[in-house]
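K.L.:
Got a structure here, written out as structure tokens. Questions coming.
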Amino acid sequence: MPHITRRSLAAATAVLLGATALTACGSSDSGDEGGAASGPVSLTYWAWAPGMDKVAALWNAEHPDIQVTVQKQASGDDLVTKIITATKAHKGPDLVQAEYQALPTLVSNDALADIAPEVQGAKDKFAPGIWQQTTFGGEAVYALPQDSGPLMFFYREDLFKQYGLTVPTTWDEFAETARALKKKAPKKALTTFSANDAGLFAGLSQQAGAKWWTFEGDTWKVGIEDAATKKVTDFWGGLVAEGAVDNQPMYTPAWNKALNTGEQLAWVSAVWAPGTLTTAAPDTKGKWAMAPLPQWNKGETATGSWGGSSTAVTTDSKHKAAAAKFATWLNTDPKALEALVKESGIYPAATAAQTSGALAQAPAFFPNQADFYTRAAEIAKTTAPAAWGPNVNVAYTSFKDEFGKAAKAKSGFDAALAKVQTTTVADLSKQGFEVAK
Amino acid sequence: MTGLASPAVRKGAPAAGTTPGVPQGPPAPRRTALLPTAALVLGALYCLLPVAWVLVAATKPASDLFSTFTFLPGDGLGDNVSDLTAYREGIYWRWMGNSVLYAGLGAVLSTVVSAFAGYALAVYRFRGREAFFNIMLTGVLMPPVILAIPQYLLMAEADLTDTYASVLLPLVLSPYGVYLGRIYAEAAIPMELVEAGRVDGAGEWRIFLRIAVPMMSPGLVTIFLFQFVAIWNNFLLPFIMLGDDEKFPMTVGLFTLLKQGASQPSLYNLVITGALLAIVPLIALFLVIQRFWSLDLLSGAVKS
């Protein structure tokens, strides 16, 4: 979209830190705010999580002066484009639900307001690795974390017993388990390496300590081909090449079938996996168990995240303070969080909510693991920080193309990773960002 | 099926058969042209298989959707429909109503505009007529997709985004409809007839409404159907224009069931059932309008 002028995140951040540009915009806001005091403020909120309108209804009942209308949208990159276009035309909603990896894109397009003054004290309610994703490590706060997806290891308890396998605690053990299973049951596979969702791969790289986008001075540095990510690609590329794990993509009918029939015994996934398994593998209820993600070195505890989103206030909003107030309530108030868990089926980012309320019980699909959410909360605390940049979508698309080909050919992933790196760097400089070579 | 068209065909047929001088040998054995037939069968399968898949998949309960044989029907159609109806208090039917409004009203408006413009371009000679028509033609080549965002920005200037009008207005002028209207009016309306009308003292409006429109009606039905289907299937324009999900047409609405974030499973069986129900009005419309539609260029008042 050439009409969208791209501003570097640098400029935006620097300006916000200097508190000039947006407070300048904000001056008109405060004028509206003054007018708003006389009558009720109505806010629009673009969100995709199911049942969000019911959660907002709770707020509306208690806050007659700030009424929130949820307008349900479809998630994904298209929505990011839509938000940017709408805020450019000054027709944007007041609040948006945004995935963490989309935040730099939105901020560099000047679509999200800094709500740091309005949300003081919210920081302590979230794990540092999550909070960092909405602040980029600076003073400005561009969104409040809503849900998170810490990575975990899901496996078929019954089949692990049947084949005499132990739950791997390190990636080396994971590889051994995959090989042992292949020896005992050549038709089965421990899991698959899927090239159709870069989110999981990003999470696995995060766990290894990868920082894909970093920002210094006024230049971006793309580290997709860094040592940590290389470790992850070599590991999975090796397993795929030797045939120890499958190379078929996830979220296909064939994959559903493989999970449902026990052809695949495990799934490296996030805390929301029970929901997916309910529809993908309905016959396996009660046969799964969850364990922490295998570690690179024995004794470590780190995980990455896959998915998760936040609530942000747009620069276009005329009621920034009211919107930030709602966002704070939505993501930190126990009542709101319980409703979010129940109505929207999310895993809350707020630490206190991860073991209380609706999450006091195990998911219905995991009746055999009563302490599911207690363990999940322990794991969630160890989420490694993620480093997103302004063109995550480009990197993800390139990942899909390159790794898809490489996984099919079982040829190792080195060349594919190099290609993702160069594609991402090239796109970033084409967009007008300063990129370190 | 074409009660009105068949006389015209019959009129032509004997003339060809009785042409003198053509040797009338023994009737050649009917040969089926294998290659074209095979190509057409393949084409038909290519078009119909996905429809058949939707038809079968809509009958499966969510648990069977990907686990039973692809073309084995299930027994969940009733449940799927009632689940879809129950989803967010029946918002699906609201989307269906919106789609009917956008497609119905949009197609009527653009047919009216196309009829006016097409007739004027065909019958009147005025300065800049060809230039205007050629500019319209470039509009035919322009995919509507690339216009969606500029149109959004224009609507934002006029403060019309997120309204029913924002989806309807850009559809009113259809370059393809105007193009069809012109070539159809040129072919169907003989100038003699227009002039005869003028000699008899009819005004231009009267000639247009009483003489031209009835003669153009098969063409106008075609334009209406094209526009109806195009708007019914339109996705990007309403996706960009509308923020309020109560105003969504079905295409955009169903999309929100598919994409609910990484942690939420897509509601495939509801979307498939919704897609199946969405083609029912189209099929009904085609069945009803077909009889007006296939008249084609055969009908007319003056034989040349």
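By order of appearance in the structure tokens: chains A, B, ..., then residues from 1 within every chain, and ligands from 1 in the order shown.
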Using only C-alpha atoms, I'd like every residue of chain B that has an atom within 10 Å of chain A; please write them out as number ranges by chain.
P.N.:
B: 62-68, 70, 88, 146, 149-150, 152-157, 159-162, 239-246, 248, 252-268
K.L.:
Would you output that residue set with C-alpha atoms, as an mmCIF file, in the first residue's frame?
P.N.:
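Saved the output as again-v1.cif:
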```
data_model
loop_
_atom_site.group_PDB
_atom_site.id
_atom_site.type_symbol
_atom_site.label_atom_id
_atom_site.label_comp_id
_atom_site.auth_asym_id
_atom_site.auth_seq_id
_atom_site.Cartn_x
_atom_site.Cartn_y
_atom_site.Cartn_z
ATOM 1 C CA ALA B 62 -17.990 -31.134 13.519
ATOM 2 C CA SER B 63 -16.411 -34.330 14.826
ATOM 3 C CA ASP B 64 -16.860 -36.148 11.508
ATOM 4 C CA LEU B 65 -15.844 -33.313 9.240
ATOM 5 C CA PHE B 66 -12.256 -34.372 8.720
ATOM 6 C CA SER B 67 -12.358 -37.888 10.084
ATOM 7 C CA THR B 68 -14.892 -39.699 7.896
ATOM 8 C CA THR B 70 -14.801 -37.030 2.270
ATOM 9 C CA ARG B 88 -24.447 -14.987 18.297
ATOM 10 C CA ILE B 146 -7.331 -2.265 -6.378
ATOM 11 C CA ILE B 149 -8.792 1.271 -0.613
ATOM 12 C CA PRO B 150 -8.982 4.492 -2.685
ATOM 13 C CA TYR B 152 -12.482 3.787 1.259
ATOM 14 C CA LEU B 153 -10.432 6.954 1.544
ATOM 15 C CA LEU B 154 -12.960 8.809 -0.608
ATOM 16 C CA MET B 155 -15.824 7.563 1.534
ATOM 17 C CA ALA B 156 -13.915 8.667 4.615
ATOM 18 C CA GLU B 157 -13.707 12.185 3.144
ATOM 19 C CA ASP B 159 -17.900 10.758 6.212
ATOM 20 C CA LEU B 160 -19.732 7.732 4.856
ATOM 21 C CA THR B 161 -17.537 4.820 5.958
ATOM 22 C CA ASP B 162 -19.162 2.067 7.954
ATOM 23 C CA PHE B 239 -14.335 -5.826 4.363
ATOM 24 C CA ILE B 240 -12.548 -2.491 4.070
ATOM 25 C CA MET B 241 -15.613 -0.258 4.315
ATOM 26 C CA LEU B 242 -17.401 -1.757 7.287
ATOM 27 C CA GLY B 243 -16.309 -1.941 10.875
ATOM 28 C CA ASP B 244 -19.647 -2.783 12.423
ATOM 29 C CA ASP B 245 -20.306 -6.510 12.163
ATOM 30 C CA GLU B 246 -24.059 -5.881 12.166
ATOM 31 C CA PHE B 248 -21.463 -7.131 7.298
ATOM 32 C CA VAL B 252 -17.237 -10.891 5.508
ATOM 33 C CA GLY B 253 -19.353 -12.277 8.343
ATOM 34 C CA LEU B 254 -18.415 -15.884 7.714
ATOM 35 C CA PHE B 255 -14.775 -14.867 7.601
ATOM 36 C CA THR B 256 -14.998 -13.822 11.256
ATOM 37 C CA LEU B 257 -16.039 -17.366 12.141
ATOM 38 C CA LEU B 258 -12.941 -18.739 10.463
ATOM 39 C CA LYS B 259 -10.400 -16.371 11.944
ATOM 40 C CA GLN B 260 -10.834 -16.087 15.668
ATOM 41 C CA GLY B 261 -7.172 -15.955 16.595
ATOM 42 C CA ALA B 262 -4.583 -18.691 16.942
ATOM 43 C CA SER B 263 -5.996 -20.055 20.176
ATOM 44 C CA GLN B 264 -9.520 -20.576 18.876
ATOM 45 C CA PRO B 265 -10.490 -23.371 16.527
ATOM 46 C CA SER B 266 -12.135 -22.240 13.305
ATOM 47 C CA LEU B 267 -15.845 -23.021 13.187
ATOM 48 C CA TYR B 268 -15.471 -24.976 9.955
#
```
K.L.:
What's around Lys182 (chain A) at 12 Å? Count only C-alpha atoms, leave out sequence neighbours fewer than 6 positions away in its own chain, and write the answer as a ChimeraX atom specification.
P.N.:
/A:163,165,175-176,188-191,239,242-246,263-265
K.L.:
Smallest atom-to-atom distance to Met191 (chain B): which of B:Ala131, B:Phe126, B:Tyr119, B:Val81, using only C-alpha atoms?
P.N.:
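Closest to Met191 (chain B), using only C-alpha atoms: B:Tyr119.
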K.L.:
From the options B:Thr138, B:Ile272, B:Gln151, B:Trp232, which residue's atoms come nearest to Val54 (chain B), counting only C-alpha atoms?
P.N.:
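Going through B:Thr138, B:Ile272, B:Gln151, B:Trp232 one by one, the smallest distance to Val54 (chain B) is for B:Ile272.
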K.L.:
From a backbone DSSP assignment, name each residue in region 153-246 of chain A labelled alpha helix (DSSP H), as an NGL selection string.
P.N.:
:A and (157-162 or 171-184 or 198-207 or 227-241)
K.L.:
With N, CA and C atoms retained, export the selected residues as a tab-separated table (two decimals), in the first residue's frame.
P.N.:
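Below is the file that was written, selection22.tsv:
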```
chain	number	residue	atom	x	y	z
A	157	GLU	N	-0.52	-39.84	26.62
A	157	GLU	CA	-0.06	-40.58	27.80
A	157	GLU	C	-0.15	-42.09	27.57
A	158	ASP	N	-1.31	-42.53	27.03
A	158	ASP	CA	-1.52	-43.97	26.87
A	158	ASP	C	-0.53	-44.59	25.89
A	159	LEU	N	-0.28	-43.90	24.77
A	159	LEU	CA	0.60	-44.47	23.76
A	159	LEU	C	2.07	-44.41	24.20
A	160	PHE	N	2.42	-43.36	24.96
A	160	PHE	CA	3.78	-43.31	25.50
A	160	PHE	C	4.02	-44.53	26.38
A	161	LYS	N	3.02	-44.91	27.18
A	161	LYS	CA	3.14	-46.08	28.05
A	161	LYS	C	3.26	-47.32	27.19
A	162	GLN	N	2.38	-47.40	26.19
A	162	GLN	CA	2.34	-48.59	25.33
A	162	GLN	C	3.69	-48.85	24.66
A	171	TRP	N	15.81	-31.36	24.49
A	171	TRP	CA	15.61	-31.60	23.05
A	171	TRP	C	16.39	-32.83	22.60
A	172	ASP	N	17.55	-33.11	23.23
A	172	ASP	CA	18.28	-34.34	22.89
A	172	ASP	C	17.42	-35.56	23.19
A	173	GLU	N	16.79	-35.54	24.37
A	173	GLU	CA	15.90	-36.66	24.72
A	173	GLU	C	14.72	-36.73	23.76
A	174	PHE	N	14.26	-35.57	23.36
A	174	PHE	CA	13.15	-35.51	22.40
A	174	PHE	C	13.54	-36.24	21.12
A	175	ALA	N	14.75	-35.97	20.62
A	175	ALA	CA	15.21	-36.62	19.39
A	175	ALA	C	15.33	-38.13	19.61
A	176	GLU	N	15.86	-38.52	20.79
A	176	GLU	CA	15.99	-39.95	21.09
A	176	GLU	C	14.61	-40.61	21.12
A	177	THR	N	13.66	-39.93	21.75
A	177	THR	CA	12.30	-40.47	21.83
A	177	THR	C	11.72	-40.67	20.44
A	178	ALA	N	11.93	-39.67	19.57
A	178	ALA	CA	11.40	-39.77	18.20
A	178	ALA	C	12.01	-40.97	17.49
A	179	ARG	N	13.33	-41.14	17.67
A	179	ARG	CA	14.00	-42.26	16.99
A	179	ARG	C	13.54	-43.59	17.57
A	180	ALA	N	13.41	-43.65	18.89
A	180	ALA	CA	13.00	-44.90	19.53
A	180	ALA	C	11.62	-45.32	19.04
A	181	LEU	N	10.73	-44.32	18.91
A	181	LEU	CA	9.37	-44.63	18.45
A	181	LEU	C	9.41	-45.16	17.01
A	182	LYS	N	10.22	-44.52	16.17
A	182	LYS	CA	10.33	-44.94	14.76
A	182	LYS	C	10.78	-46.39	14.68
A	183	LYS	N	11.68	-46.78	15.59
A	183	LYS	CA	12.19	-48.15	15.59
A	183	LYS	C	11.06	-49.11	15.97
A	184	LYS	N	10.28	-48.72	16.99
A	184	LYS	CA	9.24	-49.64	17.49
A	184	LYS	C	8.01	-49.65	16.59
A	198	ALA	N	4.48	-20.13	10.95
A	198	ALA	CA	5.75	-19.62	11.44
A	198	ALA	C	5.68	-19.30	12.93
A	199	GLY	N	4.46	-19.16	13.47
A	199	GLY	CA	4.31	-18.79	14.87
A	199	GLY	C	4.98	-19.77	15.81
A	200	LEU	N	4.80	-21.06	15.54
A	200	LEU	CA	5.41	-22.08	16.39
A	200	LEU	C	6.92	-22.02	16.29
A	201	PHE	N	7.42	-21.90	15.07
A	201	PHE	CA	8.86	-21.83	14.86
A	201	PHE	C	9.45	-20.60	15.56
A	202	ALA	N	8.72	-19.49	15.49
A	202	ALA	CA	9.19	-18.28	16.16
A	202	ALA	C	9.29	-18.52	17.66
A	203	GLY	N	8.28	-19.21	18.22
A	203	GLY	CA	8.28	-19.51	19.65
A	203	GLY	C	9.43	-20.40	20.04
A	204	LEU	N	9.70	-21.42	19.22
A	204	LEU	CA	10.80	-22.34	19.51
A	204	LEU	C	12.13	-21.60	19.46
A	205	SER	N	12.25	-20.66	18.52
A	205	SER	CA	13.49	-19.89	18.43
A	205	SER	C	13.65	-18.96	19.63
A	206	GLN	N	12.51	-18.37	20.04
A	206	GLN	CA	12.54	-17.52	21.25
A	206	GLN	C	13.07	-18.29	22.44
A	207	GLN	N	12.62	-19.52	22.59
A	207	GLN	CA	13.06	-20.34	23.71
A	207	GLN	C	14.57	-20.51	23.67
A	227	ALA	N	22.54	-17.42	15.83
A	227	ALA	CA	23.00	-18.73	16.28
A	227	ALA	C	21.88	-19.53	16.92
A	228	ALA	N	21.03	-18.85	17.72
A	228	ALA	CA	19.96	-19.56	18.42
A	228	ALA	C	18.97	-20.17	17.43
A	229	THR	N	18.57	-19.37	16.44
A	229	THR	CA	17.62	-19.89	15.45
A	229	THR	C	18.25	-21.01	14.64
A	230	LYS	N	19.55	-20.84	14.33
A	230	LYS	CA	20.24	-21.90	13.57
A	230	LYS	C	20.23	-23.21	14.33
A	231	LYS	N	20.38	-23.10	15.67
A	231	LYS	CA	20.35	-24.31	16.49
A	231	LYS	C	19.00	-25.01	16.32
A	232	VAL	N	17.92	-24.20	16.33
A	232	VAL	CA	16.58	-24.77	16.20
A	232	VAL	C	16.37	-25.39	14.82
A	233	THR	N	16.80	-24.66	13.77
A	233	THR	CA	16.59	-25.20	12.41
A	233	THR	C	17.43	-26.46	12.19
A	234	ASP	N	18.68	-26.46	12.70
A	234	ASP	CA	19.51	-27.65	12.52
A	234	ASP	C	18.87	-28.86	13.19
A	235	PHE	N	18.33	-28.61	14.39
A	235	PHE	CA	17.71	-29.70	15.15
A	235	PHE	C	16.54	-30.30	14.38
A	236	TRP	N	15.59	-29.43	13.98
A	236	TRP	CA	14.39	-29.93	13.30
A	236	TRP	C	14.70	-30.40	11.90
A	237	GLY	N	15.59	-29.67	11.20
A	237	GLY	CA	15.99	-30.09	9.85
A	237	GLY	C	16.61	-31.48	9.88
A	238	GLY	N	17.43	-31.75	10.91
A	238	GLY	CA	18.05	-33.06	11.06
A	238	GLY	C	17.01	-34.14	11.27
A	239	LEU	N	16.06	-33.88	12.17
A	239	LEU	CA	15.02	-34.87	12.47
A	239	LEU	C	14.17	-35.17	11.23
A	240	VAL	N	13.86	-34.11	10.48
A	240	VAL	CA	13.05	-34.32	9.28
A	240	VAL	C	13.86	-35.11	8.25
A	241	ALA	N	15.15	-34.73	8.08
A	241	ALA	CA	15.98	-35.37	7.06
A	241	ALA	C	16.16	-36.86	7.35
```
K.L.:
For Ile207 (chain B), which of B:Val288, B:Leu220, B:Val194, B:Ala275 is the closest residue, counting only C-alpha atoms?
P.N.:
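Residue with the minimum atom-to-atom distance to Ile207 (chain B): B:Val194.
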K.L.:
Taking only C-alpha atoms into account, name the residue in B:Gly78, B:Ile231, B:Val113, B:Ala212 that is nearest to Leu173 (chain B).
P.N.:
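The answer is B:Val113, which sits nearest to Leu173 (chain B).
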K.L.:
Using only C-alpha atoms for the distances, tell me which of B:Tyr124, B:Gly203, B:Ala196, B:Leu236 is nearest to Arg182 (chain B).
P.N.:
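Checking each candidate against Arg182 (chain B), we get B:Tyr124 as the closest.
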K.L.:
For Gly74 (chain B), which residue out of B:Val56, B:Thr111, B:Val280, B:Glu89 is the nearest one, using only C-alpha atoms?
P.N.:
B:Val56
K.L.:
Rounded to one decimal, what separation in Å do you get between CA of Gln290 (chain B) and CA of Ala122 (chain B)?
P.N.:
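Distance reported for this atom pair: 25.8 Å.
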K.L.:
So how many Å separate CA of Ala349 (chain A) and CA of Gln146 (chain A), to one decimal?
P.N.:
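Separation of CA of Ala349 (chain A) and CA of Gln146 (chain A): 5.3 Å.
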K.L.:
Do a neighbour search on Ala195 (chain A) at 7 Å with only C-alpha atoms, toss out local chain neighbours closer than 3 positions, and write the hits as a PyMOL selection string.
P.N.:
chain A and resi 198+249+400+403-404
K.L.:
Excluding same-chain residues fewer than 3 positions from Gly139 (chain B), what lies within 10 Å of it counting only C-alpha atoms, as a PyMOL selection string?
P.N.:
chain B and resi 133-136+142-144+174-176+179
K.L.:
Keeping only C-alpha atoms, write the selected residues as a PDB file, in the first residue's frame.
P.N.:
```pdb
ATOM      1  CA  PHE B 133     -16.981   5.216 -23.638  1.00  0.00           C
ATOM      2  CA  ASN B 134     -13.276   4.402 -23.887  1.00  0.00           C
ATOM      3  CA  ILE B 135     -12.648   5.694 -20.398  1.00  0.00           C
ATOM      4  CA  MET B 136     -15.474   3.458 -19.212  1.00  0.00           C
ATOM      5  CA  MET B 142      -9.540  -2.286 -13.708  1.00  0.00           C
ATOM      6  CA  PRO B 143      -9.943  -4.981 -11.080  1.00  0.00           C
ATOM      7  CA  PRO B 144     -12.304  -3.737  -8.351  1.00  0.00           C
ATOM      8  CA  SER B 174     -20.521  -0.642 -13.127  1.00  0.00           C
ATOM      9  CA  PRO B 175     -18.282  -0.076 -16.172  1.00  0.00           C
ATOM     10  CA  TYR B 176     -19.012  -3.564 -17.403  1.00  0.00           C
ATOM     11  CA  TYR B 179     -20.471  -1.490 -21.690  1.00  0.00           C
TER      12      TYR B 179
END
```
K.L.:
Counting only C-alpha atoms, what is within 8 Å of region 292-302 of chain A, bar same-chain residues fewer than 5 positions away, as a list of chain:residue names?
P.N.:
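The residues satisfying every condition are A:Leu151, A:Met152, A:Phe153, A:Pro168, A:Thr169, A:Thr170, A:Trp171, A:Asp172, A:Phe174, A:Gln207, A:Ala208, A:Val268, A:Ile379, A:Thr382, A:Thr383, A:Ala384.
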